[in-house]
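Peer 1: The following file, work21.cif, comprises mmCIF, C-alpha atoms:
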```
data_model
#
loop_
_atom_site.label_atom_id
_atom_site.label_comp_id
_atom_site.auth_asym_id
_atom_site.auth_seq_id
_atom_site.Cartn_x
_atom_site.Cartn_y
_atom_site.Cartn_z
CA MET A 925 23.11 14.93 -33.15
CA ASN A 926 24.82 16.48 -36.17
CA GLU A 927 27.73 17.53 -33.94
CA ILE A 928 28.12 13.93 -32.75
CA TYR A 929 28.18 12.62 -36.33
CA LYS A 930 30.65 15.34 -37.31
CA LYS A 931 32.92 14.42 -34.40
CA GLN A 932 32.78 10.73 -35.36
CA PHE A 933 33.51 11.58 -39.00
CA ASP A 934 36.51 13.68 -38.00
CA GLU A 935 37.85 10.85 -35.84
CA VAL A 936 37.51 8.35 -38.70
CA ALA A 937 39.08 10.76 -41.19
CA ASN A 938 42.04 11.42 -38.89
CA ALA A 939 42.52 7.68 -38.36
CA VAL A 940 42.45 7.03 -42.13
CA LEU A 941 44.99 9.80 -42.77
CA LEU A 942 47.27 8.47 -40.03
CA ILE A 943 47.13 4.93 -41.43
CA ALA A 944 47.73 6.17 -44.97
CA ALA A 945 50.75 8.21 -43.84
CA PHE A 946 52.14 5.23 -41.93
CA ILE A 947 51.77 2.92 -44.93
CA GLY A 948 53.34 5.54 -47.18
CA VAL A 949 56.40 5.90 -44.93
CA TRP A 950 56.62 2.12 -44.67
CA GLN A 951 56.60 1.77 -48.46
CA ILE A 952 59.28 4.44 -48.85
CA VAL A 953 61.53 2.73 -46.30
CA PHE A 954 61.01 -0.58 -48.10
CA MET A 955 61.91 0.94 -51.47
CA LEU A 956 65.08 2.53 -50.05
CA GLY A 957 66.25 -0.96 -49.11
CA PHE A 958 67.60 -0.28 -45.64
CA TRP A 959 66.67 -3.85 -44.66
CA PRO A 960 66.36 -7.01 -46.78
CA LYS A 961 62.87 -8.11 -47.82
CA VAL A 962 62.97 -11.02 -45.40
CA SER A 963 63.36 -8.56 -42.50
CA LEU A 964 61.01 -5.81 -43.71
CA PRO A 965 58.43 -6.85 -46.33
CA SER A 966 56.40 -4.25 -48.20
CA PRO A 967 52.78 -3.39 -47.33
CA ILE A 968 51.69 -5.28 -50.46
CA MET A 969 53.54 -8.41 -49.34
CA VAL A 970 51.88 -8.23 -45.93
CA GLY A 971 48.51 -7.70 -47.62
CA GLU A 972 49.06 -10.84 -49.70
CA THR A 973 49.84 -12.78 -46.53
CA PHE A 974 46.64 -11.44 -44.99
CA LEU A 975 44.64 -12.74 -47.94
CA LYS A 976 46.37 -16.13 -47.72
CA ILE A 977 45.76 -16.73 -44.01
CA ILE A 978 42.17 -15.47 -44.35
CA SER A 979 41.38 -17.62 -47.40
CA ASN A 980 42.70 -20.81 -45.75
CA ASP A 981 40.70 -20.00 -42.56
CA VAL A 982 43.82 -19.83 -40.38
CA LEU A 983 43.24 -16.23 -39.29
CA PRO A 984 39.46 -16.42 -38.67
CA GLN A 985 39.82 -19.61 -36.64
CA SER A 986 42.75 -18.21 -34.67
CA VAL A 987 40.86 -15.00 -33.88
CA GLY A 988 37.82 -17.00 -32.73
CA ILE A 989 39.88 -19.28 -30.48
CA THR A 990 41.87 -16.44 -28.96
CA LEU A 991 38.78 -14.33 -28.24
CA ALA A 992 36.93 -17.32 -26.75
CA ARG A 993 39.82 -17.99 -24.39
CA LEU A 994 40.11 -14.31 -23.55
CA VAL A 995 36.41 -13.73 -22.85
CA ALA A 996 36.12 -16.84 -20.65
CA SER A 997 39.24 -15.91 -18.68
CA PHE A 998 38.23 -12.27 -18.33
CA ILE A 999 34.78 -13.17 -17.00
CA VAL A 1000 36.48 -15.26 -14.30
CA SER A 1001 38.85 -12.34 -13.56
CA ILE A 1002 35.95 -9.89 -13.22
CA THR A 1003 34.03 -12.25 -10.94
CA LEU A 1004 36.97 -13.07 -8.69
CA GLY A 1005 38.37 -9.53 -8.69
CA THR A 1006 35.01 -7.99 -7.79
CA LEU A 1007 34.24 -10.49 -5.01
CA ILE A 1008 37.70 -10.16 -3.46
CA GLY A 1009 37.57 -6.36 -3.81
CA LEU A 1010 34.24 -6.24 -1.96
CA THR A 1011 35.66 -8.52 0.73
CA MET A 1012 38.58 -6.10 1.10
CA ILE A 1013 36.08 -3.28 1.67
CA LYS A 1014 34.17 -5.31 4.25
CA PHE A 1015 37.27 -6.27 6.24
CA LYS A 1016 39.46 -3.18 6.38
CA GLY A 1017 42.61 -4.75 7.82
CA PHE A 1018 42.53 -7.53 5.26
CA GLY A 1019 41.88 -4.94 2.54
CA LYS A 1020 44.89 -2.77 3.38
CA THR A 1021 47.22 -5.77 3.53
CA LEU A 1022 45.98 -7.34 0.32
CA ASN A 1023 45.96 -3.98 -1.49
CA SER A 1024 49.71 -3.57 -0.92
CA PHE A 1025 50.33 -7.20 -1.84
CA SER A 1026 48.25 -6.91 -5.03
CA ALA A 1027 50.03 -3.72 -6.12
CA GLY A 1028 53.26 -5.69 -6.26
CA LEU A 1029 51.67 -8.54 -8.22
CA LEU A 1030 50.10 -6.03 -10.60
CA SER A 1031 53.57 -5.06 -11.80
CA PHE A 1032 54.50 -8.73 -12.26
CA PRO A 1033 55.12 -9.46 -16.00
CA SER A 1034 52.38 -11.64 -17.45
CA ILE A 1035 54.90 -13.78 -19.33
CA ALA A 1036 56.46 -14.77 -15.99
CA TRP A 1037 53.27 -16.69 -15.12
CA VAL A 1038 53.77 -18.97 -18.15
CA PRO A 1039 56.47 -21.34 -16.80
CA PHE A 1040 54.66 -21.46 -13.46
CA SER A 1041 51.43 -22.40 -15.24
CA ILE A 1042 53.14 -25.00 -17.42
CA LEU A 1043 54.57 -26.84 -14.41
CA LEU A 1044 51.46 -26.41 -12.26
CA ILE A 1045 48.71 -27.09 -14.81
CA GLY A 1046 50.33 -28.11 -18.09
CA PHE A 1047 50.04 -27.29 -21.79
CA ASN A 1048 46.26 -27.02 -21.98
CA GLU A 1049 43.39 -24.54 -22.08
CA PHE A 1050 43.26 -24.21 -18.30
CA GLY A 1051 46.95 -23.37 -18.23
CA ILE A 1052 46.44 -20.54 -20.73
CA MET A 1053 43.38 -19.28 -18.84
CA PHE A 1054 45.37 -19.33 -15.60
CA VAL A 1055 47.99 -16.99 -17.09
CA VAL A 1056 45.30 -14.56 -18.30
CA ILE A 1057 43.41 -14.62 -15.01
CA MET A 1058 46.51 -14.05 -12.90
CA SER A 1059 47.56 -11.18 -15.17
CA SER A 1060 44.25 -9.31 -14.96
CA VAL A 1061 42.49 -10.24 -11.70
CA PHE A 1062 44.64 -7.98 -9.51
CA SER A 1063 43.77 -4.95 -11.63
CA ILE A 1064 40.03 -5.65 -11.21
CA MET A 1065 40.53 -6.31 -7.50
CA ILE A 1066 42.40 -3.07 -6.82
CA SER A 1067 39.98 -1.11 -9.01
CA THR A 1068 36.96 -2.43 -7.08
CA TYR A 1069 38.61 -1.73 -3.73
CA SER A 1070 39.80 1.78 -4.63
CA SER A 1071 36.62 2.82 -6.45
CA ILE A 1072 34.33 2.03 -3.54
CA ARG A 1073 36.78 3.21 -0.89
CA ASN A 1074 37.15 6.61 -2.59
CA ILE A 1075 33.44 7.38 -2.79
CA PRO A 1076 32.88 10.79 -1.10
CA PRO A 1077 31.51 10.12 2.42
CA ILE A 1078 28.86 12.78 1.92
CA TYR A 1079 27.08 10.49 -0.57
CA LEU A 1080 26.78 7.69 1.95
CA ASP A 1081 25.86 10.05 4.80
CA ALA A 1082 23.10 11.59 2.69
CA ALA A 1083 21.80 8.13 1.78
CA ARG A 1084 21.69 7.08 5.44
CA ASN A 1085 19.91 10.29 6.41
CA MET A 1086 17.24 9.48 3.82
CA GLY A 1087 16.79 5.99 5.19
CA ALA A 1088 18.82 3.99 2.65
CA LYS A 1089 20.62 1.11 4.33
CA GLY A 1090 22.20 -2.21 3.46
CA TRP A 1091 21.52 -3.52 -0.03
CA MET A 1092 19.43 -0.48 -1.01
CA ALA A 1093 22.28 1.92 -0.24
CA PHE A 1094 24.77 -0.36 -1.98
CA ARG A 1095 22.64 -0.66 -5.11
CA HIS A 1096 21.44 2.92 -5.47
CA VAL A 1097 24.41 4.87 -4.05
CA THR A 1098 27.61 2.84 -3.84
CA ILE A 1099 27.50 1.17 -7.25
CA PRO A 1100 26.51 4.29 -9.25
CA ALA A 1101 29.13 6.42 -7.46
CA ALA A 1102 31.90 3.86 -8.05
CA LEU A 1103 30.90 2.85 -11.58
CA PRO A 1104 32.97 5.40 -13.57
CA SER A 1105 36.16 4.34 -11.76
CA LEU A 1106 35.20 0.67 -12.09
CA ILE A 1107 34.94 1.02 -15.87
CA ILE A 1108 38.42 2.53 -16.01
CA GLY A 1109 39.72 -0.43 -14.01
CA LEU A 1110 37.90 -2.77 -16.36
CA ARG A 1111 39.66 -1.22 -19.35
CA GLN A 1112 43.00 -1.61 -17.64
CA GLY A 1113 42.23 -5.22 -16.75
CA TRP A 1114 41.22 -5.95 -20.33
CA SER A 1115 44.54 -4.53 -21.53
CA PHE A 1116 46.47 -6.80 -19.14
CA ALA A 1117 44.41 -9.81 -20.22
CA TRP A 1118 44.96 -9.05 -23.93
CA HIS A 1119 48.72 -8.84 -23.42
CA ALA A 1120 48.73 -12.07 -21.43
CA ILE A 1121 46.72 -14.19 -23.87
CA ILE A 1122 49.11 -13.51 -26.74
CA GLY A 1123 52.20 -14.30 -24.67
CA ALA A 1124 50.61 -17.48 -23.32
CA GLU A 1125 49.60 -18.67 -26.80
CA ILE A 1126 53.09 -18.09 -28.19
CA LEU A 1127 54.56 -20.51 -25.64
CA MET A 1128 51.68 -22.81 -24.70
CA SER A 1129 49.36 -23.31 -27.68
CA ILE A 1130 49.27 -24.75 -31.19
CA VAL A 1131 46.31 -22.57 -32.19
CA GLY A 1132 45.44 -18.89 -31.79
CA LEU A 1133 46.91 -15.54 -32.76
CA GLY A 1134 49.95 -16.10 -30.57
CA HIS A 1135 50.63 -19.37 -32.38
CA ILE A 1136 50.54 -17.58 -35.76
CA LEU A 1137 53.22 -15.24 -34.44
CA SER A 1138 55.26 -18.19 -33.23
CA VAL A 1139 55.01 -19.97 -36.59
CA GLY A 1140 56.06 -16.81 -38.40
CA ARG A 1141 59.13 -16.57 -36.18
CA GLU A 1142 60.09 -20.21 -36.72
CA PHE A 1143 59.82 -19.95 -40.52
CA LEU A 1144 61.35 -16.44 -40.68
CA ASP A 1145 58.11 -15.19 -42.26
CA MET A 1146 58.05 -11.51 -41.31
CA SER A 1147 54.93 -10.91 -43.42
CA GLN A 1148 52.97 -13.34 -41.25
CA ILE A 1149 54.38 -11.81 -38.08
CA ILE A 1150 53.36 -8.30 -39.15
CA ALA A 1151 49.93 -9.52 -40.28
CA SER A 1152 49.41 -11.10 -36.86
CA MET A 1153 50.59 -7.96 -35.07
CA VAL A 1154 48.21 -5.79 -37.10
CA THR A 1155 45.32 -8.14 -36.28
CA ILE A 1156 46.16 -8.04 -32.56
CA PHE A 1157 46.36 -4.25 -32.63
CA VAL A 1158 43.08 -3.81 -34.52
CA ILE A 1159 41.12 -6.16 -32.27
CA GLY A 1160 42.48 -4.52 -29.13
CA LEU A 1161 41.69 -1.07 -30.49
CA LEU A 1162 38.15 -1.97 -31.57
CA VAL A 1163 37.24 -3.57 -28.23
CA ASP A 1164 38.63 -0.69 -26.21
CA ARG A 1165 37.33 2.10 -28.43
CA PHE A 1166 33.89 0.85 -29.42
CA LEU A 1167 32.96 -1.22 -26.38
CA LEU A 1168 34.76 -0.22 -23.19
CA HIS A 1169 35.36 3.44 -24.06
CA LYS A 1170 31.76 3.88 -25.24
CA ALA A 1171 30.49 2.31 -22.01
CA GLU A 1172 32.65 4.69 -19.99
CA GLU A 1173 31.41 7.72 -21.95
CA ARG A 1174 27.79 6.67 -21.51
CA ILE A 1175 28.20 6.24 -17.77
CA ARG A 1176 30.03 9.54 -17.40
CA ARG A 1177 27.27 11.37 -19.31
CA LYS A 1178 24.61 9.68 -17.19
CA TRP A 1179 26.20 10.85 -13.96
CA GLY A 1180 27.12 14.33 -15.20
CA LEU A 1181 30.86 13.75 -15.26
CA ASP A 1182 31.46 14.63 -18.91
CA HIS A 1183 32.65 18.25 -18.92
CA HIS A 1184 33.72 18.29 -22.59
CA ARG A 1185 30.45 18.49 -24.44
#
```
Turn this file's structure into structure tokens for me.
Peer 2:
Amino acid sequence: MNEIYKKQFDEVANAVLLIAAFIGVWQIVFMLGFWPKVSLPSPIMVGETFLKIISNDVLPQSVGITLARLVASFIVSITLGTLIGLTMIKFKGFGKTLNSFSAGLLSFPSIAWVPFSILLIGFNEFGIMFVVIMSSVFSIMISTYSSIRNIPPIYLDAARNMGAKGWMAFRHVTIPAALPSLIIGLRQGWSFAWHAIIGAEILMSIVGLGHILSVGREFLDMSQIIASMVTIFVIGLLVDRFLLHKAEERIRRKWGLDHHR
């Protein structure tokens, strides 16, 4: 237990040192005056902007709205991606065809879905959710398909020899064996969804973190833009590091896949 706490302390200390060094370099560059203040504000100026948009509730409300949209859309993506992925496993010909098709759509830029969504659905919540879903569902779908398809056959053969069939084999063998890979796919899907929600809000919304970025651009307020970017980075890092990454580590330890103890 002490080793775990020491490892966590070292990680936090390294992160603090990295942030301090970054801010120090930023301040030095600002003082040297390579760019005008309107293009590169100082860390203090950005901090003041943070305090302003927090005190007037703009940032807290924007974070809440963005996360609500993101969570709702991502739940739909997980549901659809998992169901379609399982269907691809069940029907092999359909699975191979759709897997190749989905790989192409996976590389499709999320921002490219925005004009399609605007014309198809309009400037509303469902239009934003559509962009997020289309940007992340293919990752979940391919992850589900590949994770189950790549389970070592010996696991399933052993389960059948011991009498496990149907739902019992799926629940006690297939899901546990595929779970580590599924979590990795979930992290990737979350990353795609996080990218998509910001791009969609910049072009399709009057509220949210993306809208704060858009307002900062329109009023040439680089402090607000940087404050928004920092918020987006921190939220993405916290969710991935303390939720998805922790879930992956726990699952890997449970199934004896963690070789770096």
Peer 1: Smallest atom-to-atom distance to Ser997 of chain A: which of A:Ile1078, A:Ile1072, A:Ile1064, A:Ile1052, using all atoms listed in the file?
Peer 2: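 Among A:Ile1078, A:Ile1072, A:Ile1064, A:Ile1052, it is A:Ile1052 that comes nearest to Ser997 of chain A.
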Peer 1: Could you tell me, as a ChimeraX atom specification, exactly which residues end up selected when the PyMOL selection byres ((chain A and resi 1054-1062) around 8) is applied to this structure?
Peer 2: /A:994,997-998,1000-1002,1004-1005,1026-1027,1029-1030,1032-1035,1037-1038,1041,1050-1053,1063-1066,1113-1114,1116-1118,1120-1121,1124
Peer 1: For the residues in that selection, give me C-alpha atoms as a PDB file, in the frame of the given file.
Peer 2:
```pdb
ATOM      1  CA  LEU A 994      40.110 -14.310 -23.550  1.00  0.00           C
ATOM      2  CA  SER A 997      39.240 -15.910 -18.680  1.00  0.00           C
ATOM      3  CA  PHE A 998      38.230 -12.270 -18.330  1.00  0.00           C
ATOM      4  CA  VAL A1000      36.480 -15.260 -14.300  1.00  0.00           C
ATOM      5  CA  SER A1001      38.850 -12.340 -13.560  1.00  0.00           C
ATOM      6  CA  ILE A1002      35.950  -9.890 -13.220  1.00  0.00           C
ATOM      7  CA  LEU A1004      36.970 -13.070  -8.690  1.00  0.00           C
ATOM      8  CA  GLY A1005      38.370  -9.530  -8.690  1.00  0.00           C
ATOM      9  CA  SER A1026      48.250  -6.910  -5.030  1.00  0.00           C
ATOM     10  CA  ALA A1027      50.030  -3.720  -6.120  1.00  0.00           C
ATOM     11  CA  LEU A1029      51.670  -8.540  -8.220  1.00  0.00           C
ATOM     12  CA  LEU A1030      50.100  -6.030 -10.600  1.00  0.00           C
ATOM     13  CA  PHE A1032      54.500  -8.730 -12.260  1.00  0.00           C
ATOM     14  CA  PRO A1033      55.120  -9.460 -16.000  1.00  0.00           C
ATOM     15  CA  SER A1034      52.380 -11.640 -17.450  1.00  0.00           C
ATOM     16  CA  ILE A1035      54.900 -13.780 -19.330  1.00  0.00           C
ATOM     17  CA  TRP A1037      53.270 -16.690 -15.120  1.00  0.00           C
ATOM     18  CA  VAL A1038      53.770 -18.970 -18.150  1.00  0.00           C
ATOM     19  CA  SER A1041      51.430 -22.400 -15.240  1.00  0.00           C
ATOM     20  CA  PHE A1050      43.260 -24.210 -18.300  1.00  0.00           C
ATOM     21  CA  GLY A1051      46.950 -23.370 -18.230  1.00  0.00           C
ATOM     22  CA  ILE A1052      46.440 -20.540 -20.730  1.00  0.00           C
ATOM     23  CA  MET A1053      43.380 -19.280 -18.840  1.00  0.00           C
ATOM     24  CA  SER A1063      43.770  -4.950 -11.630  1.00  0.00           C
ATOM     25  CA  ILE A1064      40.030  -5.650 -11.210  1.00  0.00           C
ATOM     26  CA  MET A1065      40.530  -6.310  -7.500  1.00  0.00           C
ATOM     27  CA  ILE A1066      42.400  -3.070  -6.820  1.00  0.00           C
ATOM     28  CA  GLY A1113      42.230  -5.220 -16.750  1.00  0.00           C
ATOM     29  CA  TRP A1114      41.220  -5.950 -20.330  1.00  0.00           C
ATOM     30  CA  PHE A1116      46.470  -6.800 -19.140  1.00  0.00           C
ATOM     31  CA  ALA A1117      44.410  -9.810 -20.220  1.00  0.00           C
ATOM     32  CA  TRP A1118      44.960  -9.050 -23.930  1.00  0.00           C
ATOM     33  CA  ALA A1120      48.730 -12.070 -21.430  1.00  0.00           C
ATOM     34  CA  ILE A1121      46.720 -14.190 -23.870  1.00  0.00           C
ATOM     35  CA  ALA A1124      50.610 -17.480 -23.320  1.00  0.00           C
TER      36      ALA A1124
END
```
Peer 1: Which residues of segment 1125-1157 of chain A have any atom within 12 Å of an atom in segment 955-965 of chain A when counting all atoms listed in the file, and what is the closest pair of atoms for each, with the distance in Å to one decimal? Order the rows by chain and rising number and write it as CSV.
Peer 2:
```
residue,atom,partner,partner_atom,distance
A:Gly1140,CA,A:Val962,CA,11.4
A:Arg1141,CA,A:Ser963,CA,11.0
A:Phe1143,CA,A:Val962,CA,10.7
A:Leu1144,CA,A:Val962,CA,7.4
A:Asp1145,CA,A:Val962,CA,7.1
A:Met1146,CA,A:Ser963,CA,6.2
A:Ser1147,CA,A:Pro965,CA,6.1
A:Gln1148,CA,A:Pro965,CA,9.9
A:Ile1149,CA,A:Pro965,CA,10.4
A:Ile1150,CA,A:Pro965,CA,8.9
A:Ala1151,CA,A:Pro965,CA,10.8
```
Peer 1: For the structure shown, which residues end up in the PyMOL selection byres ((chain A and resi 1134) around 10)? Put them as a list in words, please?
Peer 2: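 So the PyMOL selection byres ((chain A and resi 1134) around 10), applied here, picks out Ser986, Val987, Thr990, Ile1121, Ile1122, Gly1123, Ala1124, Glu1125, Ile1126, Leu1127, Met1128, Ser1129, Ile1130, Val1131, Gly1132, Leu1133, His1135, Ile1136, Leu1137, Ser1138, Val1139, Gly1140, Ile1149, Ser1152, Met1153 and Ile1156 of chain A.
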Peer 1: Between A:Gln951, A:Asn1074, A:Gln985, A:Thr1021, which residue has the minimum interatomic distance to Ser1105 of chain A, considering all atoms listed in the file?
Peer 2: A:Asn1074
Peer 1: List every protein, DNA or RNA residue that has an atom no more than 9 Å from (55.9, -1.9, -47.5) in the file's coordinate frame, counting only C-alpha atoms, and report them as JSON, numbers by chain.
Peer 2: {"A": [947, 948, 949, 950, 951, 952, 953, 954, 955, 964, 965, 966, 967, 968, 969, 970]}
Peer 1: As lines of an AutoDock Vina configuration file, what would the box around segment 1059-1076 of chain A look like: edges along x, y and z, 8 Å added on every side, centre and edge lengths in Å to one decimal?
Peer 2:
```
center_x = 40.2
center_y = -0.2
center_z = -8.0
size_x = 30.7
size_y = 38.0
size_z = 30.3
```
Peer 1: Closest to Glu935 of chain A among A:Ala992, A:Thr1006, A:Ala1101, A:Arg1165, using all atoms listed in the file?
Peer 2: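 For Glu935 of chain A, the nearest of the given residues is A:Arg1165.
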Peer 1: Any idea what's packed within 9 Å of Glu1173 of chain A, counting all atoms listed in the file, ignoring anything in its chain fewer than 4 positions away? Could you give it as number ranges by chain?
Peer 2: A: 1104, 1168-1169, 1177-1178, 1182
Peer 1: Could you check how far atom CA of Ser1070 of chain A sits from atom CA of Phe1018 of chain A, in Å to one decimal?
Peer 2: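 Going from atom CA of Ser1070 of chain A over to atom CA of Phe1018 of chain A covers 13.9 Å.
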Peer 1: Counting only C-alpha atoms, which residue out of A:Ile1159, A:Val982, A:Ile1075, A:Val1154 sits closest to Ile1099 of chain A?
Peer 2: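 For Ile1099 of chain A, the nearest of the candidates is A:Ile1075.
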Peer 1: Between atom CA of Ile1108 of chain A and atom CA of Arg1174 of chain A, what is the spacing in Å?
Peer 2: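 Pair atom CA of Arg1174 of chain A / atom CA of Ile1108 of chain A returns 12.7 Å.
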Peer 1: With distances taken over all atoms listed in the file, which residue among A:Tyr1069, A:Phe1157, A:Phe1094, A:Phe1166 lies nearest Leu1010 of chain A?
Peer 2: A:Tyr1069
Peer 1: So how far away is atom CA of Glu1172 of chain A from atom CA of Ala937 of chain A, in Å?
Peer 2: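 Separation of atom CA of Ala937 of chain A and atom CA of Glu1172 of chain A: 23.0 Å.
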